[in-house]
>>> print(open('target-v4.pdb').read())   # PDB, C-alpha atoms
ATOM      1  CA  MET A   1       0.000   0.000   0.000  1.00  0.00           C
ATOM      2  CA  THR A   2       1.331   3.457  -0.784  1.00  0.00           C
ATOM      3  CA  THR A   3       2.168   5.845   2.075  1.00  0.00           C
ATOM      4  CA  HIS A   4      -0.911   7.903   1.200  1.00  0.00           C
ATOM      5  CA  GLU A   5      -3.156   4.831   1.296  1.00  0.00           C
ATOM      6  CA  GLN A   6      -1.719   3.648   4.625  1.00  0.00           C
ATOM      7  CA  HIS A   7      -3.269   6.737   6.212  1.00  0.00           C
ATOM      8  CA  GLU A   8      -6.655   6.369   4.539  1.00  0.00           C
ATOM      9  CA  THR A   9      -9.491   5.023   6.607  1.00  0.00           C
ATOM     10  CA  ILE A  10     -11.018   1.814   5.333  1.00  0.00           C
ATOM     11  CA  GLU A  11     -14.771   1.662   5.758  1.00  0.00           C
ATOM     12  CA  ASP A  12     -16.127  -1.789   6.474  1.00  0.00           C
ATOM     13  CA  SER A  13     -19.385  -3.150   5.145  1.00  0.00           C
ATOM     14  CA  PRO A  14     -22.457  -1.323   6.451  1.00  0.00           C
ATOM     15  CA  VAL A  15     -24.146  -4.707   6.975  1.00  0.00           C
ATOM     16  CA  GLY A  16     -23.855  -5.468  10.705  1.00  0.00           C
ATOM     17  CA  TRP A  17     -22.973  -9.165  10.626  1.00  0.00           C
ATOM     18  CA  VAL A  18     -20.506  -8.638   7.749  1.00  0.00           C
ATOM     19  CA  ALA A  19     -18.812  -5.750   9.604  1.00  0.00           C
ATOM     20  CA  GLU A  20     -18.489  -7.975  12.678  1.00  0.00           C
ATOM     21  CA  HIS A  21     -16.986 -10.761  10.558  1.00  0.00           C
ATOM     22  CA  VAL A  22     -14.495  -8.289   9.059  1.00  0.00           C
ATOM     23  CA  ARG A  23     -13.585  -6.928  12.510  1.00  0.00           C
ATOM     24  CA  ARG A  24     -12.842 -10.423  13.871  1.00  0.00           C
ATOM     25  CA  TYR A  25     -10.933 -11.346  10.700  1.00  0.00           C
ATOM     26  CA  VAL A  26      -8.703  -8.246  10.895  1.00  0.00           C
ATOM     27  CA  GLN A  27      -8.099  -8.516  14.657  1.00  0.00           C
ATOM     28  CA  THR A  28      -7.010 -12.160  14.425  1.00  0.00           C
ATOM     29  CA  ASP A  29      -5.255 -12.080  11.027  1.00  0.00           C
ATOM     30  CA  GLY A  30      -7.918 -14.414   9.724  1.00  0.00           C
ATOM     31  CA  ALA A  31      -7.655 -17.005  12.504  1.00  0.00           C
ATOM     32  CA  ASP A  32     -11.270 -16.134  13.367  1.00  0.00           C
ATOM     33  CA  GLY A  33     -13.161 -15.706  10.131  1.00  0.00           C
ATOM     34  CA  GLU A  34     -11.054 -17.402   7.466  1.00  0.00           C
ATOM     35  CA  THR A  35     -13.988 -19.768   7.114  1.00  0.00           C
ATOM     36  CA  PHE A  36     -17.647 -18.835   7.347  1.00  0.00           C
ATOM     37  CA  HIS A  37     -19.943 -21.792   8.027  1.00  0.00           C
ATOM     38  CA  GLY A  38     -17.216 -24.035   6.639  1.00  0.00           C
ATOM     39  CA  VAL A  39     -16.691 -21.998   3.456  1.00  0.00           C
ATOM     40  CA  PRO A  40     -13.354 -20.199   2.812  1.00  0.00           C
ATOM     41  CA  SER A  41     -13.586 -16.443   3.401  1.00  0.00           C
ATOM     42  CA  LEU A  42     -11.355 -13.524   2.430  1.00  0.00           C
ATOM     43  CA  LEU A  43     -11.433  -9.768   2.823  1.00  0.00           C
ATOM     44  CA  LEU A  44     -11.701  -7.610  -0.289  1.00  0.00           C
ATOM     45  CA  THR A  45     -10.922  -3.894  -0.283  1.00  0.00           C
ATOM     46  CA  THR A  46     -12.137  -1.816  -3.218  1.00  0.00           C
ATOM     47  CA  ARG A  47     -12.197   1.901  -3.933  1.00  0.00           C
ATOM     48  CA  GLY A  48     -15.704   3.400  -3.916  1.00  0.00           C
ATOM     49  CA  ARG A  49     -16.705   4.374  -7.449  1.00  0.00           C
ATOM     50  CA  ARG A  50     -18.528   7.531  -6.279  1.00  0.00           C
ATOM     51  CA  THR A  51     -16.785   8.443  -3.015  1.00  0.00           C
ATOM     52  CA  GLY A  52     -13.220   7.346  -3.740  1.00  0.00           C
ATOM     53  CA  LYS A  53     -13.088   5.878  -0.217  1.00  0.00           C
ATOM     54  CA  LEU A  54     -11.630   2.468   0.539  1.00  0.00           C
ATOM     55  CA  ARG A  55     -14.359  -0.126   1.231  1.00  0.00           C
ATOM     56  CA  ARG A  56     -13.807  -3.565   2.779  1.00  0.00           C
ATOM     57  CA  THR A  57     -16.069  -6.605   2.890  1.00  0.00           C
ATOM     58  CA  ALA A  58     -15.818 -10.313   3.650  1.00  0.00           C
ATOM     59  CA  LEU A  59     -16.602 -12.741   0.835  1.00  0.00           C
ATOM     60  CA  MET A  60     -16.593 -16.484   0.266  1.00  0.00           C
ATOM     61  CA  TYR A  61     -14.085 -17.583  -2.324  1.00  0.00           C
ATOM     62  CA  GLY A  62     -12.879 -20.447  -4.444  1.00  0.00           C
ATOM     63  CA  ARG A  63      -9.602 -21.070  -6.229  1.00  0.00           C
ATOM     64  CA  ASP A  64      -8.501 -21.561  -9.801  1.00  0.00           C
ATOM     65  CA  GLY A  65      -4.779 -22.190  -9.641  1.00  0.00           C
ATOM     66  CA  ASP A  66      -3.219 -19.069  -8.106  1.00  0.00           C
ATOM     67  CA  ASN A  67      -6.355 -16.989  -8.695  1.00  0.00           C
ATOM     68  CA  HIS A  68      -9.147 -16.385  -6.220  1.00  0.00           C
ATOM     69  CA  LEU A  69     -12.742 -16.592  -7.423  1.00  0.00           C
ATOM     70  CA  LEU A  70     -15.642 -14.515  -6.108  1.00  0.00           C
ATOM     71  CA  VAL A  71     -19.351 -14.479  -6.916  1.00  0.00           C
ATOM     72  CA  ALA A  72     -21.274 -11.188  -6.945  1.00  0.00           C
ATOM     73  CA  SER A  73     -24.498 -12.877  -5.880  1.00  0.00           C
ATOM     74  CA  ASN A  74     -25.837 -10.175  -3.547  1.00  0.00           C
ATOM     75  CA  GLY A  75     -27.875 -12.959  -1.962  1.00  0.00           C
ATOM     76  CA  GLY A  76     -29.645 -13.553  -5.270  1.00  0.00           C
ATOM     77  CA  ALA A  77     -30.968  -9.982  -5.468  1.00  0.00           C
ATOM     78  CA  SER A  78     -31.801  -8.417  -8.828  1.00  0.00           C
ATOM     79  CA  THR A  79     -28.960  -5.877  -8.443  1.00  0.00           C
ATOM     80  CA  HIS A  80     -25.196  -6.252  -8.238  1.00  0.00           C
ATOM     81  CA  PRO A  81     -23.510  -5.721  -4.865  1.00  0.00           C
ATOM     82  CA  ALA A  82     -21.704  -2.403  -4.315  1.00  0.00           C
ATOM     83  CA  TRP A  83     -18.297  -4.092  -4.060  1.00  0.00           C
ATOM     84  CA  TYR A  84     -18.745  -5.501  -7.570  1.00  0.00           C
ATOM     85  CA  LEU A  85     -19.730  -2.116  -8.991  1.00  0.00           C
ATOM     86  CA  ASN A  86     -16.660  -0.628  -7.297  1.00  0.00           C
ATOM     87  CA  LEU A  87     -14.191  -3.134  -8.743  1.00  0.00           C
ATOM     88  CA  SER A  88     -15.836  -2.811 -12.147  1.00  0.00           C
ATOM     89  CA  ALA A  89     -14.973   0.903 -12.025  1.00  0.00           C
ATOM     90  CA  ASP A  90     -11.490   0.345 -10.551  1.00  0.00           C
ATOM     91  CA  PRO A  91     -10.108  -3.216 -10.731  1.00  0.00           C
ATOM     92  CA  ALA A  92      -7.160  -2.524  -8.391  1.00  0.00           C
ATOM     93  CA  VAL A  93      -8.065  -4.223  -5.111  1.00  0.00           C
ATOM     94  CA  GLU A  94      -6.443  -5.481  -1.938  1.00  0.00           C
ATOM     95  CA  VAL A  95      -7.089  -8.989  -0.685  1.00  0.00           C
ATOM     96  CA  GLN A  96      -6.508 -10.532   2.711  1.00  0.00           C
ATOM     97  CA  VAL A  97      -6.525 -14.314   3.015  1.00  0.00           C
ATOM     98  CA  GLY A  98      -5.712 -15.299   6.570  1.00  0.00           C
ATOM     99  CA  ALA A  99      -2.740 -13.177   7.611  1.00  0.00           C
ATOM    100  CA  GLU A 100      -1.584 -12.621   4.015  1.00  0.00           C
ATOM    101  CA  ARG A 101      -2.430  -9.319   2.347  1.00  0.00           C
ATOM    102  CA  PHE A 102      -1.689  -8.639  -1.297  1.00  0.00           C
ATOM    103  CA  ALA A 103      -2.470  -6.330  -4.177  1.00  0.00           C
ATOM    104  CA  ALA A 104      -4.608  -7.786  -6.946  1.00  0.00           C
ATOM    105  CA  ARG A 105      -6.616  -6.981 -10.048  1.00  0.00           C
ATOM    106  CA  ALA A 106     -10.193  -8.156 -10.239  1.00  0.00           C
ATOM    107  CA  ARG A 107     -12.145  -8.775 -13.412  1.00  0.00           C
ATOM    108  CA  THR A 108     -15.357 -10.430 -14.477  1.00  0.00           C
ATOM    109  CA  ALA A 109     -14.750 -13.891 -15.906  1.00  0.00           C
ATOM    110  CA  THR A 110     -15.203 -14.226 -19.648  1.00  0.00           C
ATOM    111  CA  ALA A 111     -18.119 -16.334 -20.907  1.00  0.00           C
ATOM    112  CA  GLU A 112     -15.707 -19.199 -21.614  1.00  0.00           C
ATOM    113  CA  GLU A 113     -14.129 -18.971 -18.157  1.00  0.00           C
ATOM    114  CA  ARG A 114     -17.548 -18.813 -16.516  1.00  0.00           C
ATOM    115  CA  VAL A 115     -18.594 -22.130 -18.091  1.00  0.00           C
ATOM    116  CA  ARG A 116     -15.563 -23.784 -16.475  1.00  0.00           C
ATOM    117  CA  LEU A 117     -15.495 -21.829 -13.181  1.00  0.00           C
ATOM    118  CA  TRP A 118     -19.174 -21.571 -12.203  1.00  0.00           C
ATOM    119  CA  PRO A 119     -19.233 -25.263 -11.137  1.00  0.00           C
ATOM    120  CA  VAL A 120     -16.145 -24.597  -8.995  1.00  0.00           C
ATOM    121  CA  MET A 121     -18.041 -21.931  -7.090  1.00  0.00           C
ATOM    122  CA  THR A 122     -21.305 -23.870  -6.803  1.00  0.00           C
ATOM    123  CA  LYS A 123     -19.269 -26.687  -5.269  1.00  0.00           C
ATOM    124  CA  VAL A 124     -17.814 -24.218  -2.737  1.00  0.00           C
ATOM    125  CA  PHE A 125     -21.272 -22.779  -1.975  1.00  0.00           C
ATOM    126  CA  PRO A 126     -24.150 -24.700  -3.607  1.00  0.00           C
ATOM    127  CA  THR A 127     -26.637 -21.908  -2.824  1.00  0.00           C
ATOM    128  CA  TYR A 128     -25.102 -19.854  -5.662  1.00  0.00           C
ATOM    129  CA  ALA A 129     -26.957 -22.109  -8.124  1.00  0.00           C
ATOM    130  CA  ARG A 130     -30.279 -21.316  -6.414  1.00  0.00           C
ATOM    131  CA  TYR A 131     -29.450 -17.594  -6.397  1.00  0.00           C
ATOM    132  CA  GLN A 132     -28.783 -17.719 -10.154  1.00  0.00           C
ATOM    133  CA  GLN A 133     -32.055 -19.531 -10.823  1.00  0.00           C
ATOM    134  CA  GLY A 134     -33.968 -16.938  -8.812  1.00  0.00           C
ATOM    135  CA  THR A 135     -32.777 -13.806 -10.630  1.00  0.00           C
ATOM    136  CA  ASP A 136     -32.937 -12.517 -14.191  1.00  0.00           C
ATOM    137  CA  ARG A 137     -29.406 -11.110 -14.102  1.00  0.00           C
ATOM    138  CA  GLU A 138     -26.377 -13.235 -14.805  1.00  0.00           C
ATOM    139  CA  ILE A 139     -24.567 -13.267 -11.481  1.00  0.00           C
ATOM    140  CA  PRO A 140     -20.980 -12.182 -12.162  1.00  0.00           C
ATOM    141  CA  LEU A 141     -18.103 -14.500 -11.391  1.00  0.00           C
ATOM    142  CA  ILE A 142     -14.946 -12.546 -10.598  1.00  0.00           C
ATOM    143  CA  VAL A 143     -11.365 -13.655 -11.142  1.00  0.00           C
ATOM    144  CA  VAL A 144      -8.901 -12.016  -8.743  1.00  0.00           C
ATOM    145  CA  GLU A 145      -5.323 -12.137 -10.005  1.00  0.00           C
ATOM    146  CA  ARG A 146      -2.374 -11.232  -7.810  1.00  0.00           C
ATOM    147  CA  ALA A 147      -0.810  -7.963  -9.007  1.00  0.00           C
ATOM    148  CA  PRO A 148       2.877  -7.614  -9.832  1.00  0.00           C
ATOM    149  CA  GLN A 149       4.887  -6.658  -6.726  1.00  0.00           C
ATOM    150  CA  ALA A 150       5.429  -3.043  -7.813  1.00  0.00           C
ATOM    151  CA  GLU A 151       1.732  -2.301  -8.412  1.00  0.00           C
ATOM    152  CA  SER A 152      -0.245  -0.307  -5.849  1.00  0.00           C
ATOM    153  CA  PRO A 153      -2.862  -2.441  -4.079  1.00  0.00           C
ATOM    154  CA  VAL A 154      -5.795  -0.066  -4.312  1.00  0.00           C
ATOM    155  CA  GLY A 155      -5.576   2.418  -7.169  1.00  0.00           C
TER
END
>>> encode(input="target-v4.pdb", output="structure tokens")
Amino acid sequence: MTTHEQHETIEDSPVGWVAEHVRRYVQTDGADGETFHGVPSLLLTTRGRRTGKLRRTALMYGRDGDNHLLVASNGGASTHPAWYLNLSADPAVEVQVGAERFAARARTATAEERVRLWPVMTKVFPTYARYQQGTDREIPLIVVERAPQAESPVG
């Protein structure tokens, strides 16, 4: 993180139980919170598309080689979650998995990738399939790729 970003305040999810999960995760370097009901969990920090503020949330994830996979399900709602809209506007993100923090770039999976990766994520959290069936929008699947060492974590 750049010196400027180290002094920026990170705002955690406004959703109470998510904010509590994030708080425990940060305080214990992931020892408490790295799994959520048996599903792997990470922290994702994005830059707000309208405010420019750093925003952090906890999300379930899967893996594809070295990449982390996220699903912008928003609980099956008809709208995308704010964190997805933020990374769509600025793909430079910071990820925390356990005690490890790293800069990354996040992008929506291509149609070809989605065919291969969607089953990976429905195996991690089978409810994603039900969420997709219950909404008219295609729920985005996000590929998070570790950024080169010299790149700033949150643009």
>>> residues_around(input="target-v4.pdb", residues="segment 36-53 of chain A", least_positions_apart="4", cutoff="9 Å", atoms="only C-alpha atoms", output="JSON, numbers by chain")
{"A": [8, 9, 10, 11, 12, 21, 22, 25, 26, 30, 57, 58, 59, 60, 61, 62, 82, 83, 84, 85, 86, 87, 88, 89, 90, 91, 92, 93, 94, 95, 96, 97, 98, 124, 125, 154, 155]}
>>> atom_distance(input="target-v4.pdb", atom1="atom CA of Gly75 of chain A", atom2="atom CA of Ala31 of chain A")
25.2 Å
>>> closest_residue(input="target-v4.pdb", among="A:Pro81, A:Gly76, A:Gly65, A:Pro119", to="Asp136 of chain A", atoms="all atoms listed in the file")
A:Gly76
>>> closest_residue(input="target-v4.pdb", among="A:Arg114, A:His80, A:Arg105, A:Lys123", to="Arg137 of chain A", atoms="all atoms listed in the file")
A:His80
>>> axis_aligned_box(input="target-v4.pdb", around="segment 72-91 of chain A", padding_each_side="6 Å", output="JSON")
{"center_x": -21.0, "center_y": -6.3, "center_z": -7.1, "size_x": 33.7, "size_y": 26.5, "size_z": 22.2}
>>> residues_around(input="target-v4.pdb", residues="Asp66 of chain A", least_positions_apart="3", cutoff="8 Å", atoms="only C-alpha atoms", output="JSON, numbers by chain")
{"A": [63, 145, 146]}
>>> residues_around(input="target-v4.pdb", residues="Ile142 of chain A", least_positions_apart="2", cutoff="10 Å", atoms="all atoms listed in the file", output="list in words")
Tyr61, Asn67, His68, Leu69, Leu70, Val71, Ala72, Tyr84, Leu87, Ser88, Ala106, Arg107, Thr108, Ala109, Thr110, Glu113, Arg114, Leu117, Ile139, Pro140, Val144 and Glu145 of chain A
>>> build_atoms(input="target-v4.pdb", residues="segment 117-152 of chain A", atoms="N, CA and C atoms", output="CSV table (one decimal), in the frame of the given file")
chain,number,residue,atom,x,y,z
A,117,LEU,N,-15.7,-22.2,-14.6
A,117,LEU,CA,-15.5,-21.8,-13.2
A,117,LEU,C,-16.8,-21.8,-12.3
A,118,TRP,N,-17.9,-21.6,-13.0
A,118,TRP,CA,-19.2,-21.6,-12.2
A,118,TRP,C,-19.4,-22.9,-11.4
A,119,PRO,N,-19.1,-24.0,-12.0
A,119,PRO,CA,-19.2,-25.3,-11.1
A,119,PRO,C,-18.3,-25.3,-10.0
A,120,VAL,N,-17.1,-24.7,-10.1
A,120,VAL,CA,-16.1,-24.6,-9.0
A,120,VAL,C,-16.8,-23.9,-7.8
A,121,MET,N,-17.4,-22.7,-8.1
A,121,MET,CA,-18.0,-21.9,-7.1
A,121,MET,C,-19.3,-22.5,-6.5
A,122,THR,N,-20.1,-23.2,-7.3
A,122,THR,CA,-21.3,-23.9,-6.8
A,122,THR,C,-20.9,-25.1,-6.0
A,123,LYS,N,-19.8,-25.6,-6.2
A,123,LYS,CA,-19.3,-26.7,-5.3
A,123,LYS,C,-18.9,-26.1,-3.9
A,124,VAL,N,-18.2,-24.9,-4.0
A,124,VAL,CA,-17.8,-24.2,-2.7
A,124,VAL,C,-19.0,-23.8,-1.9
A,125,PHE,N,-20.1,-23.3,-2.6
A,125,PHE,CA,-21.3,-22.8,-2.0
A,125,PHE,C,-22.5,-23.1,-2.9
A,126,PRO,N,-23.1,-24.3,-2.7
A,126,PRO,CA,-24.2,-24.7,-3.6
A,126,PRO,C,-25.3,-23.7,-3.7
A,127,THR,N,-25.5,-22.9,-2.8
A,127,THR,CA,-26.6,-21.9,-2.8
A,127,THR,C,-26.5,-20.9,-4.0
A,128,TYR,N,-25.3,-20.7,-4.5
A,128,TYR,CA,-25.1,-19.9,-5.7
A,128,TYR,C,-26.0,-20.3,-6.8
A,129,ALA,N,-26.1,-21.6,-7.0
A,129,ALA,CA,-27.0,-22.1,-8.1
A,129,ALA,C,-28.4,-21.7,-7.9
A,130,ARG,N,-28.9,-21.7,-6.7
A,130,ARG,CA,-30.3,-21.3,-6.4
A,130,ARG,C,-30.4,-19.8,-6.6
A,131,TYR,N,-29.4,-19.0,-6.2
A,131,TYR,CA,-29.4,-17.6,-6.4
A,131,TYR,C,-29.6,-17.3,-7.9
A,132,GLN,N,-28.8,-18.0,-8.7
A,132,GLN,CA,-28.8,-17.7,-10.2
A,132,GLN,C,-30.1,-18.1,-10.8
A,133,GLN,N,-30.7,-19.1,-10.3
A,133,GLN,CA,-32.1,-19.5,-10.8
A,133,GLN,C,-33.1,-18.5,-10.4
A,134,GLY,N,-32.9,-17.8,-9.3
A,134,GLY,CA,-34.0,-16.9,-8.8
A,134,GLY,C,-33.9,-15.5,-9.3
A,135,THR,N,-32.9,-15.2,-10.2
A,135,THR,CA,-32.8,-13.8,-10.6
A,135,THR,C,-32.6,-13.8,-12.1
A,136,ASP,N,-33.0,-12.7,-12.7
A,136,ASP,CA,-32.9,-12.5,-14.2
A,136,ASP,C,-31.5,-12.1,-14.6
A,137,ARG,N,-30.8,-11.5,-13.7
A,137,ARG,CA,-29.4,-11.1,-14.1
A,137,ARG,C,-28.4,-12.3,-14.1
A,138,GLU,N,-27.4,-12.2,-14.9
A,138,GLU,CA,-26.4,-13.2,-14.8
A,138,GLU,C,-25.5,-12.8,-13.7
A,139,ILE,N,-25.4,-13.6,-12.6
A,139,ILE,CA,-24.6,-13.3,-11.5
A,139,ILE,C,-23.1,-13.3,-11.9
A,140,PRO,N,-22.4,-12.2,-11.7
A,140,PRO,CA,-21.0,-12.2,-12.2
A,140,PRO,C,-20.1,-13.1,-11.3
A,141,LEU,N,-19.2,-13.7,-12.0
A,141,LEU,CA,-18.1,-14.5,-11.4
A,141,LEU,C,-16.8,-13.7,-11.6
A,142,ILE,N,-16.1,-13.4,-10.5
A,142,ILE,CA,-14.9,-12.5,-10.6
A,142,ILE,C,-13.7,-13.3,-10.4
A,143,VAL,N,-12.7,-13.1,-11.2
A,143,VAL,CA,-11.4,-13.7,-11.1
A,143,VAL,C,-10.4,-12.6,-10.5
A,144,VAL,N,-9.8,-12.9,-9.4
A,144,VAL,CA,-8.9,-12.0,-8.7
A,144,VAL,C,-7.5,-12.5,-8.9
A,145,GLU,N,-6.7,-11.7,-9.7
A,145,GLU,CA,-5.3,-12.1,-10.0
A,145,GLU,C,-4.3,-11.3,-9.2
A,146,ARG,N,-3.4,-11.9,-8.6
A,146,ARG,CA,-2.4,-11.2,-7.8
A,146,ARG,C,-1.7,-10.2,-8.7
A,147,ALA,N,-1.5,-9.0,-8.2
A,147,ALA,CA,-0.8,-8.0,-9.0
A,147,ALA,C,0.7,-8.1,-8.9
A,148,PRO,N,1.4,-7.6,-9.9
A,148,PRO,CA,2.9,-7.6,-9.8
A,148,PRO,C,3.3,-6.9,-8.6
A,149,GLN,N,4.4,-7.2,-8.0
A,149,GLN,CA,4.9,-6.7,-6.7
A,149,GLN,C,4.9,-5.1,-6.7
A,150,ALA,N,5.3,-4.5,-7.8
A,150,ALA,CA,5.4,-3.0,-7.8
A,150,ALA,C,4.1,-2.3,-7.9
A,151,GLU,N,3.0,-3.0,-8.2
A,151,GLU,CA,1.7,-2.3,-8.4
A,151,GLU,C,1.1,-1.9,-7.1
A,152,SER,N,0.5,-0.8,-7.0
A,152,SER,CA,-0.2,-0.3,-5.8
A,152,SER,C,-1.5,-1.2,-5.6
